[in-house]
Amino acid sequence: MRNIRHSYDGDSDHSAVEHVDLEVYQGEVVCLLGPSGCGKTTLLRIVAGLERVQQGSVTLNGKVVGQAGMRHLPPEKRNVGLAFQESALFPHLSVLENVVFGLESLPARERKQRAMSLLEQLGMERFAQEYPHTLSGGQQQRVALARALAPSPQLMLLDEPFSSLDARLRDQIRDDTLHVLKDVGAGALLVTHDPEEAMFMADRIALMREGRIVQIGTPQELYCTPNDPFVVRFFGEVNELSGVVWQGRVITPVGEVDARGLEDGTLVRVMVRPEALCVKTLDQAPASDHADERNSHVLMARLLGRTSLVHICAHGDDGDETHMHARVPGVFLPCEGQPISLDLDCSQVFVFPVEESS
Ligand code: ADP
Ligand code: MG
């Protein structure tokens with residue numbers, strides 16, 4: 001996609017997407033991630049050919065398939081597979097017939113083989129002769145995926161395909177889908193509003209806000225080198241502090257933070273992920289830590305499963321108290337009022353100059 005802009009109802013002042021450049025390579029899973037209404041589905045529909053390109057161009061394998069006012073290859077000629085949240089199967093066709101549908105270019109025998117092999121990869125071969133209404137939502141979604149993959153599309157387009165499924169089923173289908181996509185070797189563009197799903201599925205993530213891509217990169221790049229406060233917040237809860245840069249550093253109630261490259265006096269937002277706070281109760285801390293101990297203490301602690309969430313009251317040098325959340329792996333449940341020392345893992349702390357818009 002090159003320089004894509006789109007507005008509905010010819011409303012040229014308000015666009016659903018704009019300035020979008022995006023590439024998906026062979027065999028790569030790219031996730032379009034972002035809050036509801038940010039333009040993910042619109043982009044997917046433009047790639048599919050369900051919307052005409054209004055500005056910019058869409059190219060598939062070096063061939064322009066959509067260009068504003070010039071070219072529009074219809075969806076069925078693009079060799080793309082589509083799977084949506086509610087993928088309707090043909091109710092009067094069996095599971096096998098649903099998947100075979102769209103394979104008319106193959107000889108009858110191969111059609112059936114191809115369909116059965118995909119059903120097998122998605123754990124649905126036992127249901128080949130069943131009809132869609134006898135299947136659960138998750139099973140129907142598996143069949144819909146097999147049907148979309150059957151014609152060997154060069155690109156799979158998936159729009160929140162797992163969002164109507166409950167959590168445990170969803171994890172299993174995601175996993176199976178990831179492996180099938182990688183086996184088949186098609187490129188895939190997957191829409192989701194769920195950051196964990198994007199990190200699970202994606203080779204690269206394009207995070208969107210209000211019609212634009214804010215950052216694109218590997219999950220690790222977005223999580224560990226976010227280019228905007230929005231990116232940090234989108235991947236989970238974060239403690240936000242404010243401060244002022246002095247000699248390349250910012251002083252916060254939980255210690256000094258590197259702010260190299262920012263001028264003295266710059267007002268900054270310091271974003272501290274809960275896992276960046278290393279909490280030690282004072283009886284565990286080595287004696288040397290006690291010297292610069294700030295007398296922070298525990299307000300509350302809760303076990304969330306794999307991690308514990310510790311609510312802490314951090315005392316700054318100036319006497320200010322700041323309520324922060326720390327996430328500690330495993331079971332770590334200090335008592336209310338327990339004095340603690342705090343260390344920072346600076347790889348999960350981000351500093352941004354404060355701008356009016358953020
Ligand atoms: P997402 O998939 O990220 O939730 P969409 O692409 O569906 O976002 O929508 C992007 C914007 O375009 C939203 O503001 C939405 O209200 C608007 N929009 C989407 N589809 C239509 C439509 N058919 N007609 C008018 N506006 C639309
Ligand atoms: Mg959508």
# chains A, B, ... in the order shown; residues from 1 in each chain; ligands from 1
>>> residues_near_ligand(ligand="ligand 2", cutoff="10 Å", atoms="only C-alpha atoms and all ligand atoms", output="ChimeraX atom specification")
/A:32-45,84-85,159-160,191-193
>>> write_last_selection(atoms="C-alpha atoms", output="mmCIF file, in the first residue's frame")
data_model
loop_
_atom_site.group_PDB
_atom_site.id
_atom_site.type_symbol
_atom_site.label_atom_id
_atom_site.label_comp_id
_atom_site.auth_asym_id
_atom_site.auth_seq_id
_atom_site.Cartn_x
_atom_site.Cartn_y
_atom_site.Cartn_z
ATOM 1 C CA LEU A 32 -2.890 -4.092 12.033
ATOM 2 C CA LEU A 33 -3.389 -3.187 15.664
ATOM 3 C CA GLY A 34 -5.297 -0.297 17.165
ATOM 4 C CA PRO A 35 -8.393 0.827 19.065
ATOM 5 C CA SER A 36 -11.858 0.484 17.613
ATOM 6 C CA GLY A 37 -12.569 2.929 14.799
ATOM 7 C CA CYS A 38 -8.916 3.656 13.928
ATOM 8 C CA GLY A 39 -9.289 2.393 10.348
ATOM 9 C CA LYS A 40 -8.056 -1.210 10.450
ATOM 10 C CA THR A 41 -11.030 -2.762 8.673
ATOM 11 C CA THR A 42 -11.031 0.032 6.109
ATOM 12 C CA LEU A 43 -7.425 -0.777 5.170
ATOM 13 C CA LEU A 44 -8.155 -4.471 4.938
ATOM 14 C CA ARG A 45 -11.156 -3.827 2.689
ATOM 15 C CA PHE A 84 -13.779 -12.256 9.186
ATOM 16 C CA GLN A 85 -15.100 -12.320 12.732
ATOM 17 C CA ASP A 159 -10.352 -9.259 10.368
ATOM 18 C CA GLU A 160 -10.616 -10.021 14.109
ATOM 19 C CA VAL A 191 -6.585 -7.067 12.111
ATOM 20 C CA THR A 192 -6.890 -7.060 15.879
ATOM 21 C CA HIS A 193 -7.473 -4.618 18.731
#
>>> residues_around(residues="Met199 of chain A", least_positions_apart="5", cutoff="9 Å", atoms="only C-alpha atoms", output="PyMOL selection string")
chain A and resi 31+194+204-205+218-220
>>> select_by_dssp(residues="segment 160-210 of chain A", states="strand (DSSP E)", output="list in words")
Gly187, Ala188, Leu189, Leu190, Val191, Thr192, Arg204, Ile205, Ala206, Leu207, Met208 and Arg209 of chain A
>>> write_last_selection(atoms="C-alpha atoms", output="PDB file, in the first residue's frame")
ATOM      1  CA  GLY A 187       1.542 -13.511   3.544  1.00  0.00           C
ATOM      2  CA  ALA A 188      -1.098 -12.491   6.062  1.00  0.00           C
ATOM      3  CA  LEU A 189      -2.561  -9.211   7.182  1.00  0.00           C
ATOM      4  CA  LEU A 190      -4.430  -9.697  10.440  1.00  0.00           C
ATOM      5  CA  VAL A 191      -6.585  -7.067  12.111  1.00  0.00           C
ATOM      6  CA  THR A 192      -6.890  -7.060  15.879  1.00  0.00           C
ATOM      7  CA  ARG A 204       5.576  -7.199  12.431  1.00  0.00           C
ATOM      8  CA  ILE A 205       2.905  -4.975  13.949  1.00  0.00           C
ATOM      9  CA  ALA A 206       1.552  -1.740  12.493  1.00  0.00           C
ATOM     10  CA  LEU A 207      -0.018   0.170  15.370  1.00  0.00           C
ATOM     11  CA  MET A 208      -2.703   2.616  14.229  1.00  0.00           C
ATOM     12  CA  ARG A 209      -4.403   5.609  15.754  1.00  0.00           C
TER      13      ARG A 209
END
>>> closest_residue(among="A:Pro91, A:Gly316, A:Gly27, A:Pro253", to="Met156 of chain A", atoms="only C-alpha atoms")
A:Gly27
>>> residues_around(residues="segment 324-331 of chain A", least_positions_apart="2", cutoff="7 Å", atoms="only C-alpha atoms", output="PyMOL selection string")
chain A and resi 239+274-275+277+303+306-313+322+333
>>> select_by_dssp(residues="segment 55-244 of chain A", states="helix (DSSP H, G or I)", output="MDAnalysis selection string")
chainID A and resid 75:77 95:100 108:121 125:127 132:134 137:149 167:184 195:201 219:224 229:234
>>> closest_residue(among="A:Arg170, A:His179, A:Arg212, A:Lys63", to="ligand 1", atoms="only C-alpha atoms and all ligand atoms")
A:Arg212
>>> residues_around(residues="Val349 of chain A", least_positions_apart="3", cutoff="6 Å", atoms="only C-alpha atoms", output="ChimeraX atom specification")
/A:271-272,346
>>> write_last_selection(atoms="N, CA and C atoms", output="short mmCIF file (atom, residue, chain, number, x, y, z; two decimals), in the first residue's frame")
data_model
loop_
_atom_site.label_atom_id
_atom_site.label_comp_id
_atom_site.auth_asym_id
_atom_site.auth_seq_id
_atom_site.Cartn_x
_atom_site.Cartn_y
_atom_site.Cartn_z
N MET A 271 7.53 7.32 31.63
CA MET A 271 6.59 6.19 31.64
C MET A 271 7.31 4.95 32.15
N VAL A 272 6.82 4.44 33.26
CA VAL A 272 7.49 3.33 33.95
C VAL A 272 6.57 2.12 33.90
N CYS A 346 15.77 0.13 33.67
CA CYS A 346 15.58 1.28 32.78
C CYS A 346 15.23 0.89 31.35
#
>>> atom_distance(atom1="atom CA of Leu93 of chain A", atom2="atom CA of Lys112 of chain A")
14.1 Å
>>> closest_residue(among="A:Gln139, A:Ser296, A:Ser152, A:Gln348", to="Gln172 of chain A", atoms="only C-alpha atoms")
A:Gln139
>>> atom_distance(atom1="atom 27 (C, counted along the ligand's line) of ligand 1", atom2="atom CA of Met70 of chain A")
23.2 Å
>>> closest_residue(among="A:Phe234, A:Tyr25, A:Phe352, A:Phe332", to="Arg260 of chain A", atoms="only C-alpha atoms")
A:Phe352
>>> residues_around(residues="Gly81 of chain A", least_positions_apart="4", cutoff="7 Å", atoms="only C-alpha atoms", output="VMD selection string")
chain A and resid 148 to 149 153 155 to 157
>>> closest_residue(among="A:Thr177, A:Gln215, A:Asn295, A:Gln247", to="Leu145 of chain A", atoms="only C-alpha atoms")
A:Thr177
>>> closest_residue(among="A:Val47, A:Leu135, A:Val351, A:Val99", to="Gly66 of chain A", atoms="only C-alpha atoms")
A:Val47
>>> residues_around(residues="segment 118-132 of chain A", least_positions_apart="2", cutoff="6 Å", atoms="only C-alpha atoms", output="count of residues only")
9
>>> atom_distance(atom1="atom CA of Val279 of chain A", atom2="atom CA of Ser341 of chain A")
6.0 Å
>>> residues_around(residues="segment 280-284 of chain A", least_positions_apart="3", cutoff="7 Å", atoms="only C-alpha atoms", output="VMD selection string")
chain A and resid 338 to 342
>>> write_last_selection(atoms="all heavy atoms", output="JSON list (two decimals), in the first residue's frame")
[["chain", "number", "residue", "atom", "x", "y", "z"],
["A", 338, "GLN", "N", 4.54, -2.52, 54.74],
["A", 338, "GLN", "CA", 5.91, -3.03, 54.72],
["A", 338, "GLN", "C", 6.85, -2.05, 54.00],
["A", 338, "GLN", "O", 6.58, -1.66, 52.87],
["A", 338, "GLN", "CB", 5.89, -4.36, 53.97],
["A", 338, "GLN", "CG", 7.24, -4.93, 53.64],
["A", 338, "GLN", "CD", 7.60, -6.10, 54.54],
["A", 338, "GLN", "OE1", 6.78, -6.98, 54.80],
["A", 338, "GLN", "NE2", 8.81, -6.08, 55.03],
["A", 339, "PRO", "N", 7.94, -1.64, 54.63],
["A", 339, "PRO", "CA", 8.88, -0.76, 53.93],
["A", 339, "PRO", "C", 9.63, -1.52, 52.83],
["A", 339, "PRO", "O", 9.94, -2.71, 53.01],
["A", 339, "PRO", "CB", 9.86, -0.30, 55.04],
["A", 339, "PRO", "CG", 9.57, -1.12, 56.23],
["A", 339, "PRO", "CD", 8.34, -1.93, 56.02],
["A", 340, "ILE", "N", 9.88, -0.84, 51.75],
["A", 340, "ILE", "CA", 10.53, -1.49, 50.60],
["A", 340, "ILE", "C", 11.60, -0.58, 50.01],
["A", 340, "ILE", "O", 11.58, 0.62, 50.20],
["A", 340, "ILE", "CB", 9.51, -1.79, 49.47],
["A", 340, "ILE", "CG1", 8.65, -0.55, 49.18],
["A", 340, "ILE", "CG2", 8.63, -2.97, 49.81],
["A", 340, "ILE", "CD1", 7.79, -0.68, 47.96],
["A", 341, "SER", "N", 12.50, -1.24, 49.26],
["A", 341, "SER", "CA", 13.42, -0.46, 48.43],
["A", 341, "SER", "C", 13.01, -0.70, 46.98],
["A", 341, "SER", "O", 12.46, -1.74, 46.64],
["A", 341, "SER", "CB", 14.86, -0.88, 48.66],
["A", 341, "SER", "OG", 15.08, -2.14, 48.06],
["A", 342, "LEU", "N", 13.26, 0.30, 46.14],
["A", 342, "LEU", "CA", 12.85, 0.21, 44.74],
["A", 342, "LEU", "C", 14.05, 0.41, 43.84],
["A", 342, "LEU", "O", 14.87, 1.30, 44.06],
["A", 342, "LEU", "CB", 11.84, 1.33, 44.43],
["A", 342, "LEU", "CG", 10.47, 1.18, 45.08],
["A", 342, "LEU", "CD1", 9.65, 2.43, 44.84],
["A", 342, "LEU", "CD2", 9.75, -0.04, 44.51]]
